[in-house]
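Data file: entry-v2.tsv. Format and content: TSV, C-alpha atoms.
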chain	number	residue	atom	x	y	z
P	221	MET	CA	17.70	3.02	43.20
P	222	ASP	CA	20.65	5.29	44.03
P	223	ARG	CA	23.51	4.51	46.41
P	224	LYS	CA	22.17	6.79	49.11
P	225	THR	CA	18.83	4.98	49.20
P	226	ILE	CA	20.54	1.57	49.22
P	227	LEU	CA	22.75	2.73	52.10
P	228	LEU	CA	19.74	4.00	54.08
P	229	LEU	CA	17.89	0.73	53.48
P	230	GLY	CA	20.92	-1.16	54.74
P	231	VAL	CA	21.19	1.01	57.87
P	232	SER	CA	17.46	0.62	58.53
P	233	VAL	CA	17.64	-3.17	58.23
P	234	LEU	CA	20.66	-3.17	60.56
P	235	ILE	CA	18.68	-1.17	63.14
P	236	LEU	CA	15.89	-3.75	62.97
P	237	VAL	CA	18.35	-6.65	63.34
P	238	VAL	CA	19.90	-5.00	66.41
P	239	MET	CA	16.44	-4.55	67.95
P	240	LEU	CA	15.61	-8.20	67.31
P	241	TRP	CA	18.93	-9.19	68.85
P	242	PHE	CA	18.08	-7.33	72.05
P	243	VAL	CA	14.66	-9.02	72.16
P	244	GLY	CA	16.20	-12.42	71.45
P	245	ILE	CA	16.38	-13.74	67.91
P	246	ASP	CA	15.77	-17.33	69.10
P	247	GLN	CA	12.59	-16.25	70.88
P	248	VAL	CA	11.43	-14.33	67.81
P	249	ILE	CA	12.02	-17.37	65.58
P	250	SER	CA	10.08	-19.56	68.02
P	251	ALA	CA	7.22	-17.07	67.96
P	252	LEU	CA	7.25	-17.02	64.15
P	253	LYS	CA	6.72	-20.80	64.13
P	254	MET	CA	3.53	-20.28	66.15
P	255	ALA	CA	1.89	-18.06	63.52
P	256	ASN	CA	-1.40	-19.23	62.02
P	257	PRO	CA	-0.83	-19.27	58.22
P	258	VAL	CA	-4.54	-18.90	57.46
P	259	ILE	CA	-4.81	-15.64	59.40
P	260	ILE	CA	-1.53	-14.43	57.87
P	261	ALA	CA	-3.02	-15.09	54.43
P	262	LEU	CA	-6.08	-13.08	55.47
P	263	ALA	CA	-3.82	-10.19	56.50
P	264	ILE	CA	-2.13	-10.35	53.09
P	265	ALA	CA	-5.55	-10.31	51.40
P	266	THR	CA	-6.47	-7.25	53.47
P	267	GLN	CA	-3.34	-5.47	52.25
P	268	VAL	CA	-4.13	-6.36	48.63
P	269	PHE	CA	-7.66	-5.02	49.11
P	270	THR	CA	-6.24	-1.68	50.26
P	271	TYR	CA	-4.38	-1.46	46.93
P	272	PHE	CA	-7.75	-1.63	45.19
P	273	LEU	CA	-9.21	1.03	47.50
P	274	TYR	CA	-6.27	3.37	46.80
P	275	THR	CA	-6.79	2.86	43.07
P	276	LEU	CA	-10.56	3.38	43.25
P	277	ARG	CA	-10.13	6.69	45.09
P	278	TRP	CA	-7.61	7.95	42.55
P	279	GLN	CA	-9.81	6.82	39.67
P	280	ILE	CA	-12.71	8.90	41.03
P	281	LEU	CA	-10.47	11.98	41.26
P	282	ASN	CA	-9.19	11.43	37.72
P	283	ARG	CA	-12.72	11.21	36.35
P	284	LEU	CA	-13.55	14.56	37.94
P	285	THR	CA	-10.85	16.09	35.72
P	286	ASP	CA	-11.96	14.20	32.58
P	287	MET	CA	-9.11	11.68	32.79
P	288	ASP	CA	-11.18	8.53	32.53
P	289	ILE	CA	-8.59	5.75	32.62
P	290	GLY	CA	-9.37	2.12	33.35
P	291	PHE	CA	-8.90	0.58	36.78
P	292	LYS	CA	-6.54	-2.11	35.43
P	293	LYS	CA	-4.19	0.58	34.09
P	294	LEU	CA	-4.28	2.65	37.28
P	295	LEU	CA	-3.59	-0.22	39.70
P	296	PRO	CA	0.03	-0.87	38.60
P	297	MET	CA	0.70	2.90	38.64
P	298	VAL	CA	-0.47	3.02	42.26
P	299	LEU	CA	1.74	0.05	43.17
P	300	VAL	CA	4.81	1.60	41.52
P	301	GLY	CA	4.12	4.88	43.34
P	302	LEU	CA	3.80	3.10	46.70
P	303	ALA	CA	7.08	1.26	46.06
P	304	VAL	CA	8.91	4.49	45.24
P	305	ASN	CA	7.51	6.06	48.41
P	306	ASN	CA	9.04	3.17	50.35
P	307	ILE	CA	12.52	3.39	48.87
P	308	THR	CA	12.96	7.16	48.94
P	309	PRO	CA	13.75	9.03	52.19
P	310	SER	CA	11.36	11.82	51.31
P	311	GLY	CA	8.65	11.67	53.91
P	312	ARG	CA	6.64	9.25	51.77
P	313	GLY	CA	6.23	11.67	48.92
P	314	GLY	CA	8.64	10.37	46.30
P	315	GLY	CA	6.05	8.24	44.55
P	316	GLU	CA	3.63	11.06	43.74
P	317	PRO	CA	5.57	12.56	40.79
P	318	VAL	CA	6.10	9.02	39.51
P	319	ARG	CA	2.36	8.32	39.55
P	320	ALA	CA	1.65	11.62	37.81
P	321	TYR	CA	4.25	10.90	35.15
P	322	LEU	CA	2.94	7.40	34.45
P	323	LEU	CA	-0.62	8.72	34.17
P	324	SER	CA	0.42	11.52	31.81
P	325	GLN	CA	2.21	8.99	29.60
P	326	SER	CA	-0.83	6.72	29.36
P	327	ASN	CA	-2.68	9.14	27.07
P	328	ASP	CA	-1.47	11.96	24.80
P	329	ASN	CA	-4.33	14.15	26.07
P	330	TYR	CA	-3.26	13.90	29.71
P	331	HIS	CA	-0.82	16.56	30.91
P	332	PHE	CA	1.67	15.98	33.71
P	333	GLU	CA	0.43	19.02	35.67
P	334	ASP	CA	-3.19	17.82	35.59
P	335	ALA	CA	-2.16	14.32	36.62
P	336	PHE	CA	0.01	15.68	39.42
P	337	ALA	CA	-2.94	17.75	40.66
P	338	THR	CA	-5.07	14.64	41.10
P	339	VAL	CA	-2.21	12.90	42.91
P	340	VAL	CA	-1.79	15.81	45.35
P	341	ALA	CA	-5.55	15.87	45.92
P	342	ASP	CA	-5.39	12.13	46.55
P	343	ARG	CA	-2.72	12.63	49.22
P	344	ALA	CA	-4.69	15.47	50.80
P	345	LEU	CA	-7.70	13.16	51.12
P	346	ASP	CA	-5.48	10.51	52.69
P	347	THR	CA	-4.14	13.03	55.21
P	348	PHE	CA	-7.52	14.21	56.52
P	349	PRO	CA	-8.58	10.94	58.23
P	350	PHE	CA	-5.01	10.46	59.46
P	351	VAL	CA	-5.14	13.83	61.24
P	352	VAL	CA	-8.46	12.93	62.87
P	353	LEU	CA	-7.19	9.51	63.97
P	354	ALA	CA	-3.87	10.95	65.16
P	355	ALA	CA	-5.58	13.58	67.32
P	356	ILE	CA	-7.82	10.95	68.92
P	357	THR	CA	-4.84	8.63	69.37
P	358	ILE	CA	-2.64	11.15	71.13
P	359	ALA	CA	-5.46	12.06	73.51
P	360	SER	CA	-6.31	8.45	74.36
P	361	MET	CA	-2.77	7.01	74.49
P	362	THR	CA	-1.95	9.28	77.41
P	363	LEU	CA	-4.38	7.02	79.30
P	364	PHE	CA	-2.91	3.71	78.08
P	365	PHE	CA	0.79	4.58	78.25
P	366	ASP	CA	2.95	6.54	80.64
P	367	PHE	CA	4.53	8.85	78.08
P	368	ASP	CA	7.27	11.31	78.84
P	369	LEU	CA	6.12	14.88	78.37
P	370	TRP	CA	8.61	15.53	75.56
P	371	LEU	CA	7.20	12.66	73.48
P	372	ILE	CA	3.64	13.94	73.83
P	373	VAL	CA	4.81	17.43	72.86
P	374	VAL	CA	6.61	16.08	69.76
P	375	MET	CA	3.53	14.14	68.63
P	376	VAL	CA	1.24	17.12	69.19
P	377	LEU	CA	3.58	19.39	67.25
P	378	ALA	CA	3.72	16.87	64.42
P	379	VAL	CA	-0.07	16.80	64.17
P	380	ILE	CA	-0.22	20.60	64.33
P	381	VAL	CA	2.22	20.87	61.42
P	382	ILE	CA	0.20	18.38	59.35
P	383	VAL	CA	-3.05	20.21	60.15
P	384	ALA	CA	-1.47	23.55	59.21
P	385	ILE	CA	-0.34	22.18	55.85
P	386	LEU	CA	-3.77	20.65	55.20
P	387	ILE	CA	-5.54	23.93	56.08
P	388	MET	CA	-3.13	25.83	53.84
P	389	LEU	CA	-3.88	23.51	50.92
P	390	ILE	CA	-7.65	23.85	51.38
P	391	TYR	CA	-7.47	27.63	51.82
P	392	MET	CA	-5.26	27.89	48.75
P	393	CYS	CA	-8.09	26.32	46.73
P	394	ILE	CA	-10.84	28.65	47.93
P	395	ASN	CA	-8.71	31.80	47.93
P	396	PRO	CA	-6.95	32.40	44.58
P	397	GLY	CA	-4.97	35.31	46.04
P	398	PHE	CA	-3.43	33.11	48.70
P	399	GLY	CA	-2.68	30.54	46.00
P	400	HIS	CA	-0.74	33.19	44.08
P	401	ARG	CA	1.28	34.03	47.20
P	402	VAL	CA	2.13	30.36	47.79
P	403	ASP	CA	3.12	30.16	44.15
P	404	GLY	CA	5.42	33.15	44.66
P	405	TRP	CA	7.04	31.66	47.77
P	406	ILE	CA	7.82	28.43	45.96
P	407	ILE	CA	9.19	30.27	42.94
P	408	CYS	CA	11.51	32.30	45.20
P	409	LEU	CA	12.87	29.09	46.69
P	410	VAL	CA	13.33	27.61	43.21
P	411	ARG	CA	15.27	30.67	42.02
P	412	ARG	CA	17.48	30.47	45.09
P	413	PHE	CA	18.35	26.77	45.01
P	414	TYR	CA	17.70	25.67	41.42
P	415	LYS	CA	19.64	27.62	38.82
P	416	LYS	CA	19.55	25.25	35.83
P	417	ASN	CA	16.44	25.58	33.63
P	418	SER	CA	14.71	27.49	36.44
P	419	GLU	CA	12.29	29.24	34.05
P	420	SER	CA	11.00	25.93	32.73
P	421	LEU	CA	10.63	24.55	36.26
P	422	GLU	CA	8.81	27.70	37.36
P	423	ASN	CA	6.29	27.20	34.56
P	424	ARG	CA	5.72	23.66	35.73
P	425	ILE	CA	5.15	24.86	39.27
P	426	HIS	CA	2.67	27.50	38.09
P	427	GLU	CA	0.71	24.91	36.11
P	428	ALA	CA	0.86	22.30	38.88
P	429	ILE	CA	-0.49	24.71	41.54
P	430	PHE	CA	-3.19	26.00	39.21
P	431	GLY	CA	-4.15	22.43	38.30
P	432	PHE	CA	-4.32	21.45	41.97
P	433	GLN	CA	-6.57	24.41	42.75
P	434	GLU	CA	-8.93	23.53	39.91
P	435	THR	CA	-9.02	19.85	40.87
P	436	MET	CA	-9.78	20.59	44.52
P	437	LYS	CA	-12.46	23.10	43.53
P	438	LEU	CA	-14.11	20.41	41.40
P	439	LEU	CA	-13.92	17.97	44.29
P	440	ILE	CA	-15.26	20.41	46.89
P	441	SER	CA	-18.13	21.45	44.61
P	442	ASN	CA	-18.98	17.80	43.91
P	443	LYS	CA	-20.45	16.81	47.27
P	444	ARG	CA	-21.11	13.23	46.19
P	445	GLY	CA	-17.56	12.76	44.94
P	446	LEU	CA	-16.15	14.36	48.10
P	447	ALA	CA	-18.28	12.14	50.34
P	448	ILE	CA	-17.23	8.99	48.47
P	449	THR	CA	-13.51	9.78	48.42
P	450	LEU	CA	-13.43	10.83	52.08
P	451	THR	CA	-15.32	7.69	53.05
P	452	LEU	CA	-12.83	5.61	51.08
P	453	SER	CA	-9.98	7.38	52.88
P	454	PHE	CA	-11.36	6.43	56.30
P	455	ILE	CA	-12.04	2.85	55.13
P	456	ILE	CA	-8.43	2.58	53.89
P	457	TRP	CA	-7.05	3.56	57.29
P	458	ILE	CA	-9.42	1.15	59.01
P	459	PHE	CA	-8.20	-1.70	56.82
P	460	GLU	CA	-4.59	-0.71	57.52
P	461	ILE	CA	-5.29	-1.12	61.25
P	462	VAL	CA	-7.26	-4.35	60.73
P	463	ARG	CA	-4.28	-5.81	58.85
P	464	VAL	CA	-2.02	-5.23	61.85
P	465	TYR	CA	-4.69	-6.66	64.17
P	466	LEU	CA	-4.96	-9.83	62.06
P	467	VAL	CA	-1.18	-10.35	62.22
P	468	PHE	CA	-1.28	-10.25	66.02
P	469	LEU	CA	-4.26	-12.62	66.04
P	470	ALA	CA	-2.17	-15.02	63.95
P	471	PHE	CA	0.29	-15.19	66.86
P	472	GLY	CA	-2.46	-15.75	69.40
P	473	ALA	CA	-1.97	-12.36	71.02
P	474	ASN	CA	-4.93	-11.09	73.01
P	475	VAL	CA	-4.78	-7.38	72.23
P	476	ASN	CA	-7.41	-4.68	71.92
P	477	LEU	CA	-8.10	-3.44	68.38
P	478	ILE	CA	-8.11	0.14	69.65
P	479	VAL	CA	-4.63	-0.26	71.14
P	480	ILE	CA	-3.41	-1.74	67.85
P	481	GLY	CA	-4.78	1.27	65.99
P	482	GLU	CA	-3.25	3.74	68.40
P	483	VAL	CA	0.23	2.25	68.18
P	484	PHE	CA	-0.04	2.04	64.39
P	485	ILE	CA	-1.01	5.72	64.05
P	486	VAL	CA	1.84	6.84	66.32
P	487	ALA	CA	4.28	4.67	64.35
P	488	CYS	CA	3.06	6.30	61.14
P	489	LEU	CA	3.77	9.72	62.64
P	490	VAL	CA	7.36	8.65	63.30
P	491	GLY	CA	7.55	7.12	59.82
P	492	MET	CA	6.96	10.56	58.32
P	493	ILE	CA	10.44	11.63	59.40
P	494	PRO	CA	12.20	12.09	56.03
P	495	LEU	CA	15.36	10.22	57.00
P	496	LEU	CA	14.68	6.51	56.62
P	497	PRO	CA	13.01	4.94	53.56
P	498	GLY	CA	9.41	4.19	54.47
P	499	GLY	CA	10.24	4.78	58.13
P	500	LEU	CA	12.03	1.42	58.05
P	501	GLY	CA	13.69	0.70	61.38
P	502	ALA	CA	11.99	3.60	63.18
P	503	ILE	CA	8.46	2.24	62.71
P	504	ASP	CA	9.53	-1.32	63.46
P	505	GLY	CA	11.30	-0.43	66.66
P	506	LEU	CA	8.55	1.85	67.90
P	507	MET	CA	5.87	-0.76	67.28
P	508	ILE	CA	7.85	-3.41	69.17
P	509	VAL	CA	8.35	-1.09	72.16
P	510	PHE	CA	4.73	0.10	72.32
P	511	TYR	CA	3.16	-3.33	71.84
P	512	SER	CA	5.42	-4.68	74.56
P	513	ALA	CA	4.31	-1.80	76.81
P	514	ALA	CA	0.69	-2.78	76.06
P	515	GLY	CA	1.26	-6.16	77.70
P	516	ILE	CA	2.27	-8.31	74.70
P	517	SER	CA	5.46	-10.32	75.17
P	518	ALA	CA	8.50	-8.81	73.50
P	519	SER	CA	9.11	-11.91	71.36
P	520	ILE	CA	5.56	-11.94	69.96
P	521	SER	CA	5.61	-8.16	69.48
P	522	ALA	CA	8.85	-8.45	67.51
P	523	ALA	CA	7.69	-11.44	65.46
P	524	ALA	CA	4.32	-9.85	64.64
P	525	THR	CA	6.00	-6.56	63.70
P	526	VAL	CA	8.42	-8.35	61.37
P	527	VAL	CA	5.57	-10.19	59.60
P	528	GLU	CA	3.44	-7.04	59.41
P	529	ARG	CA	6.27	-5.07	57.83
P	530	LEU	CA	6.95	-7.91	55.40
P	531	ILE	CA	3.35	-7.53	54.24
P	532	SER	CA	2.93	-3.75	54.32
P	533	PHE	CA	6.45	-2.60	53.37
P	534	TRP	CA	8.43	-5.33	51.64
P	535	MET	CA	5.58	-6.98	49.70
P	536	THR	CA	4.43	-3.60	48.41
P	537	THR	CA	7.96	-2.56	47.52
P	538	ILE	CA	8.76	-5.79	45.70
P	539	ILE	CA	5.52	-5.77	43.69
P	540	GLY	CA	6.05	-2.15	42.66
P	541	MET	CA	9.69	-2.66	41.70
P	542	VAL	CA	8.75	-5.73	39.63
P	543	LEU	CA	6.15	-3.67	37.76
P	544	MET	CA	8.41	-0.65	37.23
P	545	PRO	CA	10.40	-2.06	34.25
P	546	TYR	CA	7.10	-2.35	32.37
P	547	TYR	CA	7.13	1.46	32.15
P	548	GLY	CA	10.84	1.66	31.33
P	549	SER	CA	13.88	1.07	33.50
P	550	ASP	CA	14.69	4.78	33.70
P	551	VAL	CA	11.31	6.00	34.95
P	552	LEU	CA	12.79	7.72	38.01
P	553	ALA	CA	15.34	9.55	35.86
P	554	LYS	CA	12.63	10.83	33.53
P	555	ILE	CA	10.74	12.42	36.42
P	556	SER	CA	13.59	14.89	36.89
P	557	SER	CA	13.22	16.23	33.34
P	558	SER	CA	12.83	19.96	33.29
P	559	SER	CA	9.56	20.20	31.37
P	560	PRO	CA	6.55	18.14	30.36
P	561	GLU	CA	7.69	18.42	26.74
P	562	GLU	CA	11.03	16.83	27.59
P	563	LEU	CA	9.23	14.06	29.41
P	564	LYS	CA	7.25	13.24	26.31
P	565	GLU	CA	10.31	13.47	24.08
P	566	GLY	CA	12.15	11.07	26.36
P	567	GLU	CA	9.26	8.65	26.20
P	568	ALA	CA	9.15	8.81	22.42
P	569	GLU	CA	12.88	8.11	22.25
P	570	SER	CA	12.57	5.11	24.55
P	571	GLU	CA	9.82	3.67	22.34
P	572	ASP	CA	12.05	4.05	19.27

As structure tokens - that is how I would like this structure written.
Amino acid sequence: MDRKTILLLGVSVLILVVMLWFVGIDQVISALKMANPVIIALAIATQVFTYFLYTLRWQILNRLTDMDIGFKKLLPMVLVGLAVNNITPSGRGGGEPVRAYLLSQSNDNYHFEDAFATVVADRALDTFPFVVLAAITIASMTLFFDFDLWLIVVMVLAVIVIVAILIMLIYMCINPGFGHRVDGWIICLVRRFYKKNSESLENRIHEAIFGFQETMKLLISNKRGLAITLTLSFIIWIFEIVRVYLVFLAFGANVNLIVIGEVFIVACLVGMIPLLPGGLGAIDGLMIVFYSAAGISASISAAATVVERLISFWMTTIIGMVLMPYYGSDVLAKISSSSPEELKEGEAESED
């Protein structure tokens, strides 16, 4: 973890502490003592179950590309990837190259580009239900909350951008010519901003885009696989919302499940801002404000948000960081290698 990330984590935690101070730390502590430990344990179990769903979806995608790796080996890779997403201010995308690298290192026949293609496809599948839920949420929350016009506009624009990217990815798979143009745009950016070993990086980009196109074509042509993975994606988001709902139930809060889901989706939109690791601070504060606006006391909203983030953010981060040394302490450094060959050479050296 570099100094910049540590600094951002510190700033984010400070923001949360300040928010709790305004609510009343004594009141929050009193509310925490009211929590039902059995329901909290159920919320934790729900989070753990989502880890298995994430892994199952990725395993299905891997099998489509003839990378048949066991569930037990994939699960820790998913957890490490989720942890890296949380600690990198990259719009929740820092863990994807890590996952691809770990998968490529698990078998000599697996190439980084092919592994990265399945990871990108996995994220695309995760985005589709989020876009659907976000569109429904923005439309319905205008009825539950008295939003300022600028906030509604920002949320709508955010969804439009996500939809545009998703459409571009899908169109890139069914139209090879457009895929070549996207490839060219990215290469131009690489040549402009990345001078060192640019030719090697360009080759990696070519192979990664081609691999993604082939993987998505396989998925789209496999209607059964597409139906299963999309269904899993919706189920994952449902369980994410249920986890938050269970935390509020643990505090005795009488809140509508739909309202919980709406606030959670909006908070996730804010969490995509690539400034704070995992949206830490921004998500927490927004959830406290919106739940309070929904009629829940500020102290319970703050206490429930703290517990929920301990489960969804900190527990995931800690588990992933504990597992990371199993793959080598310098995993993150290896991801920045300039070619797949160098990645494998670095792995061989570490084994020696």

Please compute the atom CA of P:Met392-atom CA of P:Ala303 distance, one decimal, in Å. 29.5 Å

Leaving out P:Leu302 and any residue of its chain fewer than 4 positions from it, which residues lie within 12 Å of it when counting all atoms listed in the file, given as JSON, numbers by chain? {"P": [270, 271, 274, 275, 295, 296, 297, 298, 306, 307, 308, 312, 313, 314, 315, 316, 317, 318, 319, 343, 497, 498, 532, 533, 534, 535, 536, 537, 538, 539, 540, 541, 543, 544]}

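Distance annotation: of P:Leu252, P:Leu450, P:Val464, P:Ile289, the residue with the minimal separation from P:Met507 is P:Val464; atom set is all atoms listed in the file.
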
At what distance in Å, to one decimal, does atom CA of P:Val402 lie from atom CA of P:Thr449?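 Rounded to one decimal, the two atoms are 25.9 Å apart.
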
Neighbours of P:Glu528 within 8 Å (only C-alpha atoms; same-chain residues fewer than 3 positions away dropped), as a PDB file with C-alpha atoms, keeping the file's coordinate frame?
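Listing of result17.pdb after writing:
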ATOM      1  CA  ARG P 463      -4.280  -5.810  58.850  1.00  0.00           C
ATOM      2  CA  VAL P 464      -2.020  -5.230  61.850  1.00  0.00           C
ATOM      3  CA  VAL P 467      -1.180 -10.350  62.220  1.00  0.00           C
ATOM      4  CA  ALA P 524       4.320  -9.850  64.640  1.00  0.00           C
ATOM      5  CA  THR P 525       6.000  -6.560  63.700  1.00  0.00           C
ATOM      6  CA  ILE P 531       3.350  -7.530  54.240  1.00  0.00           C
ATOM      7  CA  SER P 532       2.930  -3.750  54.320  1.00  0.00           C
TER       8      SER P 532
END

Length of the atom CA of P:Leu262 to atom CA of P:Gly472 vector [Å]: 14.6 Å

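Shortest atom-to-atom contact with P:Val374 among P:Leu294, P:Leu506, P:Leu489, P:Val475: P:Leu489, counting all atoms listed in the file.
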
Here is a test: counting all atoms listed in the file, which residue of P:Ile429, P:Leu369, P:Ala335, P:Ala320 is nearest to P:Leu284? P:Ala335

Go through P:Gly515, P:Gly445, P:Gly397, P:Gly301 one by one, measure the shortest atom-to-atom distance of each to P:Leu281 using all atoms listed in the file, and give the residue with the smallest value. P:Gly445

Name the residues in contact with P:Ser521 at a cut-off of 7 Å, using all atoms listed in the file, excluding same-chain residues fewer than 6 positions from it; report them as a list in words. Ile508, Tyr511 and Ser512 of chain P

Among the residues P:Ile260, P:Ile480, P:Met361, P:Ile440, the one that comes closest to P:Leu345 [using all atoms listed in the file]: P:Ile440
